[in-house]
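Working notes, structure below.
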Amino acid sequence: MQALYAQLLVGLINGSFYALLSLGLAVIFGMLNIINFAHGALYMMGAFCAYFLLNLTGLGYWPALIIAPIAVGIFGMILERTMLQWLSGLDHLYGLLLTFGIALIVQGVFQNYFGSSGLPYAIPDELKGGMNLGFMFLPVYRGWVVIFSLVVCLATWFLIEKTRLGAYLRAATENPTLVRAFGVNVPRMITLTYGLGVGLAALAGVLSAPINQVRPLMGADLIIVVFAVVVIGGMGSIMGSIITGFALGVIEGLTKYFYPEASNTVVFVLMVLVLLVKPTGLTGRAA
């Protein structure tokens, strides 16, 4: 039973990263209609930003949780202003190809300077150790990752679905001309939305750094699974991405316990089954 609980914990942790990354993808696609294949590379940049802050400036984990998402989010906004904005109104394939090229360039640059091996990033002193729950031993940092990721995901959902700012964002994707008539700067709002999605990816990278180490290809290992999560939850669905991310992490953990050989493919099998029954995803809506 301890092995089962351990795999469930691993599944919840992976689900936390899936949820944060797929949430950022869902925000970008739902608000901007861009399939952001550079998301994995930006997730990796968040981890490296935390690593640089620690080793070059002495700023530890807690400042990195704030600074890294902002820094990478600004980088993402520059990308949107200089490249992605010109793809407005074009087929999704153009955005996919452009962001895929950006991902290859970013990963190649980091791999050239830092190699493929992982760089260590220490767990903050406040989150070291663990708690004995009776039925399992819970490392404090892993519990923190799960809870913090869930809080951030729900806060993002509330911002987009329940606030006036979120209403403006949704309206700008449906009828930008009308929103401009109310005095809203739509291009700036789109840029900030892309920065928000990228910042969520960078935040996941900071959370992942002490667990998975900092590697140039850490995002490439996750991005295909995260896209599967987004497709299952429904492209552009905020709550669908959150629920599906955590659920698939747990399912993946259970599969590793009961049938390890299928753990790397169970997500894609589920994606095929869901698309056969509901092509728009679990919570997606038809165009």
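Letters for chains follow the order of the structure tokens (A, B, ...), residue numbers begin at 1 for each chain, and ligand numbers begin at 1 in the order shown.
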Exercise: range 30-34 of chain A partners within 10 Å, only C-alpha atoms, chain neighbours under 5 positions left out, as a PyMOL selection string: chain A and resi 24-25+84-85+87-96+99+160+166+169-174+189-191+193-194+197+234-238
Restricting it to N, CA and C atoms, dump the selection as a CSV table (one decimal), in the first residue's frame.
```csv
chain,number,residue,atom,x,y,z
A,24,GLY,N,-2.0,27.4,-18.9
A,24,GLY,CA,-1.4,28.4,-19.7
A,24,GLY,C,-1.7,28.3,-21.1
A,25,LEU,N,-1.6,27.0,-21.6
A,25,LEU,CA,-1.9,26.8,-23.0
A,25,LEU,C,-3.4,27.1,-23.3
A,84,LEU,N,4.2,37.0,-33.1
A,84,LEU,CA,2.9,36.4,-33.1
A,84,LEU,C,1.7,37.2,-33.5
A,85,GLN,N,1.8,38.6,-33.3
A,85,GLN,CA,0.7,39.4,-33.6
A,85,GLN,C,0.5,39.5,-35.1
A,87,LEU,N,0.3,37.0,-37.0
A,87,LEU,CA,-0.4,35.8,-37.4
A,87,LEU,C,-1.9,35.9,-37.1
A,88,SER,N,-2.4,37.0,-36.7
A,88,SER,CA,-3.8,37.2,-36.3
A,88,SER,C,-4.6,37.0,-37.6
A,89,GLY,N,-5.6,36.1,-37.5
A,89,GLY,CA,-6.5,35.9,-38.6
A,89,GLY,C,-6.1,34.8,-39.5
A,90,LEU,N,-4.8,34.3,-39.4
A,90,LEU,CA,-4.3,33.2,-40.2
A,90,LEU,C,-4.7,31.9,-39.6
A,91,ASP,N,-4.4,30.8,-40.4
A,91,ASP,CA,-4.7,29.5,-40.0
A,91,ASP,C,-3.8,29.1,-38.7
A,92,HIS,N,-4.4,28.2,-37.8
A,92,HIS,CA,-3.6,27.9,-36.6
A,92,HIS,C,-2.3,27.2,-37.0
A,93,LEU,N,-2.2,26.6,-38.1
A,93,LEU,CA,-0.9,25.9,-38.5
A,93,LEU,C,0.3,26.9,-38.5
A,94,TYR,N,0.1,28.2,-38.9
A,94,TYR,CA,1.2,29.1,-38.9
A,94,TYR,C,1.7,29.4,-37.5
A,95,GLY,N,0.8,29.6,-36.6
A,95,GLY,CA,1.2,29.8,-35.2
A,95,GLY,C,1.9,28.6,-34.6
A,96,LEU,N,1.4,27.4,-35.0
A,96,LEU,CA,2.1,26.2,-34.5
A,96,LEU,C,3.5,26.1,-35.0
A,99,THR,N,5.8,28.9,-33.3
A,99,THR,CA,6.2,28.6,-32.0
A,99,THR,C,7.0,27.4,-31.8
A,160,ILE,N,-10.4,34.9,-14.9
A,160,ILE,CA,-10.9,34.9,-16.3
A,160,ILE,C,-12.4,34.7,-16.4
A,166,GLY,N,-11.7,39.5,-16.9
A,166,GLY,CA,-11.9,38.3,-17.7
A,166,GLY,C,-13.0,38.5,-18.7
A,169,LEU,N,-11.6,40.2,-21.6
A,169,LEU,CA,-10.7,39.3,-22.3
A,169,LEU,C,-11.5,38.4,-23.2
A,170,ARG,N,-12.6,37.8,-22.7
A,170,ARG,CA,-13.4,36.9,-23.5
A,170,ARG,C,-14.1,37.7,-24.6
A,171,ALA,N,-14.6,38.9,-24.3
A,171,ALA,CA,-15.3,39.7,-25.3
A,171,ALA,C,-14.3,40.1,-26.4
A,172,ALA,N,-13.0,40.4,-26.1
A,172,ALA,CA,-12.1,40.8,-27.1
A,172,ALA,C,-11.8,39.8,-28.1
A,173,THR,N,-11.9,38.5,-27.7
A,173,THR,CA,-11.7,37.4,-28.7
A,173,THR,C,-12.9,37.2,-29.6
A,174,GLU,N,-14.1,37.6,-29.1
A,174,GLU,CA,-15.3,37.4,-29.9
A,174,GLU,C,-15.6,38.6,-30.8
A,189,MET,N,-4.2,44.2,-24.4
A,189,MET,CA,-4.8,43.2,-23.6
A,189,MET,C,-4.4,41.8,-24.1
A,190,ILE,N,-4.3,41.6,-25.4
A,190,ILE,CA,-3.9,40.4,-26.0
A,190,ILE,C,-2.4,40.1,-25.6
A,191,THR,N,-1.6,41.1,-25.6
A,191,THR,CA,-0.2,40.9,-25.2
A,191,THR,C,-0.1,40.5,-23.8
A,193,THR,N,-2.3,39.0,-22.0
A,193,THR,CA,-2.9,37.6,-21.9
A,193,THR,C,-1.8,36.6,-22.2
A,194,TYR,N,-1.1,36.9,-23.3
A,194,TYR,CA,0.0,35.9,-23.7
A,194,TYR,C,1.0,35.9,-22.6
A,197,GLY,N,-0.2,33.6,-19.8
A,197,GLY,CA,-0.1,32.2,-20.1
A,197,GLY,C,1.4,31.7,-20.0
A,234,GLY,N,-10.5,19.9,-23.5
A,234,GLY,CA,-11.2,20.8,-24.4
A,234,GLY,C,-10.4,22.0,-24.7
A,235,MET,N,-10.0,22.2,-26.0
A,235,MET,CA,-9.1,23.3,-26.3
A,235,MET,C,-9.8,24.7,-25.9
A,236,GLY,N,-9.0,25.4,-25.1
A,236,GLY,CA,-9.5,26.7,-24.6
A,236,GLY,C,-10.3,26.6,-23.3
A,237,SER,N,-10.6,25.5,-22.8
A,237,SER,CA,-11.4,25.4,-21.6
A,237,SER,C,-10.5,25.5,-20.4
A,238,ILE,N,-10.7,26.5,-19.6
A,238,ILE,CA,-9.9,26.8,-18.4
A,238,ILE,C,-10.1,25.7,-17.3
```
DSSP-assigned strand (DSSP E or B) among range 106-257 of chain A, expressed as a count of residues only: 8
Counting only C-alpha atoms, the option among A:Gly233, A:Gly219, A:Pro124, A:Gly11 closest to Ala204 in chain A: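 Going through A:Gly233, A:Gly219, A:Pro124, A:Gly11 one by one, the smallest distance to Ala204 in chain A is for A:Gly219.
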Best match for closeness to Gln7 in chain A among A:Thr255, A:Ser22, A:Thr283, A:Thr265, counting only C-alpha atoms: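 The closest residue to Gln7 in chain A is A:Thr255.
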Long-range neighbours of Val146 in chain A as a count of residues only, 10 Å cut-off, only C-alpha atoms, 2 positions minimum in chain: 17
Distance of CA of Gly281 in chain A from CA of Val198 in chain A, expressed in Å to one decimal place: 22.9 Å
Point-to-point distance in Å for CA of Leu54 in chain A and CA of Ala202 in chain A: 15.6 Å
Backbone DSSP call of helix (DSSP H, G or I) for range 10-95 of chain A, listed as a ChimeraX atom specification: /A:10-32,39-57,61-82,84-87,92-95
Exercise: Ala50 in chain A partners within 6 Å, only C-alpha atoms, chain neighbours under 3 positions left out, as a PyMOL selection string: chain A and resi 47+53+64
N, CA, C and O atoms of the current selection, written as a PDB file, in the first residue's frame:
```
ATOM      1  N   ALA A  47      12.537  27.637 -15.018  1.00  0.00           N
ATOM      2  CA  ALA A  47      13.440  26.908 -14.126  1.00  0.00           C
ATOM      3  C   ALA A  47      14.847  27.494 -14.187  1.00  0.00           C
ATOM      4  O   ALA A  47      15.515  27.658 -13.151  1.00  0.00           O
ATOM      5  N   LEU A  53      18.956  33.255 -10.769  1.00  0.00           N
ATOM      6  CA  LEU A  53      18.733  34.150  -9.629  1.00  0.00           C
ATOM      7  C   LEU A  53      19.465  33.656  -8.392  1.00  0.00           C
ATOM      8  O   LEU A  53      20.023  34.454  -7.627  1.00  0.00           O
ATOM      9  N   ALA A  64      12.262  33.933  -6.451  1.00  0.00           N
ATOM     10  CA  ALA A  64      12.184  33.368  -7.804  1.00  0.00           C
ATOM     11  C   ALA A  64      10.745  33.050  -8.198  1.00  0.00           C
ATOM     12  O   ALA A  64      10.387  33.135  -9.376  1.00  0.00           O
TER      13      ALA A  64
END
```
Exercise: Gly129 in chain A partners within 8 Å, only C-alpha atoms, chain neighbours under 2 positions left out, as a ChimeraX atom specification: /A:127,131,139-141
Residue nearest Ala38 in chain A - candidates A:Gly183, A:Leu138, A:Phe227, A:Asn212, atoms counted: only C-alpha atoms: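 Among the listed residues, A:Phe227 lies closest to Ala38 in chain A.
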Distance in Å - CA of Gly101 in chain A versus CA of Leu222 in chain A: 17.0 Å
Given only C-alpha atoms as the counted atoms, nearest of A:Leu282, A:Ala41, A:Thr163, A:Ala181 to Gln111 in chain A: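 Smallest distance to Gln111 in chain A is found for A:Ala41.
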Which residue of A:Leu23, A:Leu4, A:Leu275, A:Met136 approaches Gly253 in chain A most closely, using only C-alpha atoms: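 Answer, going by the shortest atom-to-atom distance: A:Leu4.
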Using only C-alpha atoms, determine which residues lie at most 12 Å from Ala3 in chain A, disregarding the query and same-chain residues fewer than 2 positions distant; provide the list as a PDB file with N, CA, C and O atoms, in the first residue's frame.
```
ATOM      1  N   MET A   1       0.814  -1.210   0.000  1.00  0.00           N
ATOM      2  CA  MET A   1       0.000   0.000   0.000  1.00  0.00           C
ATOM      3  C   MET A   1       0.852   1.266   0.000  1.00  0.00           C
ATOM      4  O   MET A   1       0.479   2.269  -0.585  1.00  0.00           O
ATOM      5  N   TYR A   5       0.470   4.455  -2.480  1.00  0.00           N
ATOM      6  CA  TYR A   5       0.345   5.843  -2.056  1.00  0.00           C
ATOM      7  C   TYR A   5       1.478   6.698  -2.621  1.00  0.00           C
ATOM      8  O   TYR A   5       1.272   7.866  -2.985  1.00  0.00           O
ATOM      9  N   ALA A   6       2.676   6.123  -2.700  1.00  0.00           N
ATOM     10  CA  ALA A   6       3.809   6.857  -3.260  1.00  0.00           C
ATOM     11  C   ALA A   6       3.554   7.199  -4.733  1.00  0.00           C
ATOM     12  O   ALA A   6       3.839   8.320  -5.185  1.00  0.00           O
ATOM     13  N   GLN A   7       3.002   6.253  -5.487  1.00  0.00           N
ATOM     14  CA  GLN A   7       2.706   6.507  -6.899  1.00  0.00           C
ATOM     15  C   GLN A   7       1.577   7.520  -7.054  1.00  0.00           C
ATOM     16  O   GLN A   7       1.586   8.337  -7.985  1.00  0.00           O
ATOM     17  N   LEU A   8       0.609   7.477  -6.144  1.00  0.00           N
ATOM     18  CA  LEU A   8      -0.455   8.485  -6.175  1.00  0.00           C
ATOM     19  C   LEU A   8       0.104   9.888  -5.924  1.00  0.00           C
ATOM     20  O   LEU A   8      -0.320  10.860  -6.552  1.00  0.00           O
ATOM     21  N   LEU A   9       1.075   9.979  -4.995  1.00  0.00           N
ATOM     22  CA  LEU A   9       1.704  11.268  -4.724  1.00  0.00           C
ATOM     23  C   LEU A   9       2.467  11.760  -5.945  1.00  0.00           C
ATOM     24  O   LEU A   9       2.371  12.930  -6.331  1.00  0.00           O
ATOM     25  N   VAL A  10       3.227  10.862  -6.582  1.00  0.00           N
ATOM     26  CA  VAL A  10       3.946  11.228  -7.806  1.00  0.00           C
ATOM     27  C   VAL A  10       2.957  11.680  -8.876  1.00  0.00           C
ATOM     28  O   VAL A  10       3.192  12.657  -9.601  1.00  0.00           O
ATOM     29  N   PHE A 135      -0.251   6.493   7.036  1.00  0.00           N
ATOM     30  CA  PHE A 135      -0.285   5.546   5.923  1.00  0.00           C
ATOM     31  C   PHE A 135       0.815   5.802   4.906  1.00  0.00           C
ATOM     32  O   PHE A 135       1.052   4.986   4.024  1.00  0.00           O
ATOM     33  N   MET A 136       1.516   6.965   5.011  1.00  0.00           N
ATOM     34  CA  MET A 136       2.631   7.256   4.109  1.00  0.00           C
ATOM     35  C   MET A 136       3.443   8.410   4.678  1.00  0.00           C
ATOM     36  O   MET A 136       2.993   9.125   5.581  1.00  0.00           O
ATOM     37  N   PHE A 137       4.643   8.580   4.137  1.00  0.00           N
ATOM     38  CA  PHE A 137       5.530   9.683   4.504  1.00  0.00           C
ATOM     39  C   PHE A 137       5.441  10.729   3.401  1.00  0.00           C
ATOM     40  O   PHE A 137       5.754  10.448   2.242  1.00  0.00           O
ATOM     41  N   GLY A 253      -0.202   7.865 -12.362  1.00  0.00           N
ATOM     42  CA  GLY A 253       0.417   7.275 -11.181  1.00  0.00           C
ATOM     43  C   GLY A 253      -0.142   5.902 -10.866  1.00  0.00           C
ATOM     44  O   GLY A 253       0.604   4.966 -10.536  1.00  0.00           O
ATOM     45  N   LEU A 254      -1.459   5.736 -10.958  1.00  0.00           N
ATOM     46  CA  LEU A 254      -2.081   4.432 -10.726  1.00  0.00           C
ATOM     47  C   LEU A 254      -1.627   3.408 -11.763  1.00  0.00           C
ATOM     48  O   LEU A 254      -1.401   2.243 -11.443  1.00  0.00           O
ATOM     49  N   LYS A 256       1.241   3.355 -13.278  1.00  0.00           N
ATOM     50  CA  LYS A 256       2.612   2.949 -12.953  1.00  0.00           C
ATOM     51  C   LYS A 256       2.634   1.868 -11.878  1.00  0.00           C
ATOM     52  O   LYS A 256       3.544   1.042 -11.849  1.00  0.00           O
ATOM     53  N   TYR A 257       1.626   1.868 -11.003  1.00  0.00           N
ATOM     54  CA  TYR A 257       1.572   0.858  -9.936  1.00  0.00           C
ATOM     55  C   TYR A 257       1.001  -0.456 -10.451  1.00  0.00           C
ATOM     56  O   TYR A 257       1.557  -1.521 -10.187  1.00  0.00           O
ATOM     57  N   PHE A 258      -0.115  -0.393 -11.176  1.00  0.00           N
ATOM     58  CA  PHE A 258      -0.803  -1.619 -11.576  1.00  0.00           C
ATOM     59  C   PHE A 258      -0.267  -2.212 -12.876  1.00  0.00           C
ATOM     60  O   PHE A 258      -0.249  -3.432 -13.038  1.00  0.00           O
TER      61      PHE A 258
END
```
Gly46 in chain A environment, 9 Å, only C-alpha atoms, sequence neighbours closer than 2 positions dropped, as a ChimeraX atom specification: /A:41-44,48-51,64,68-69,71-72,199,201-206,209
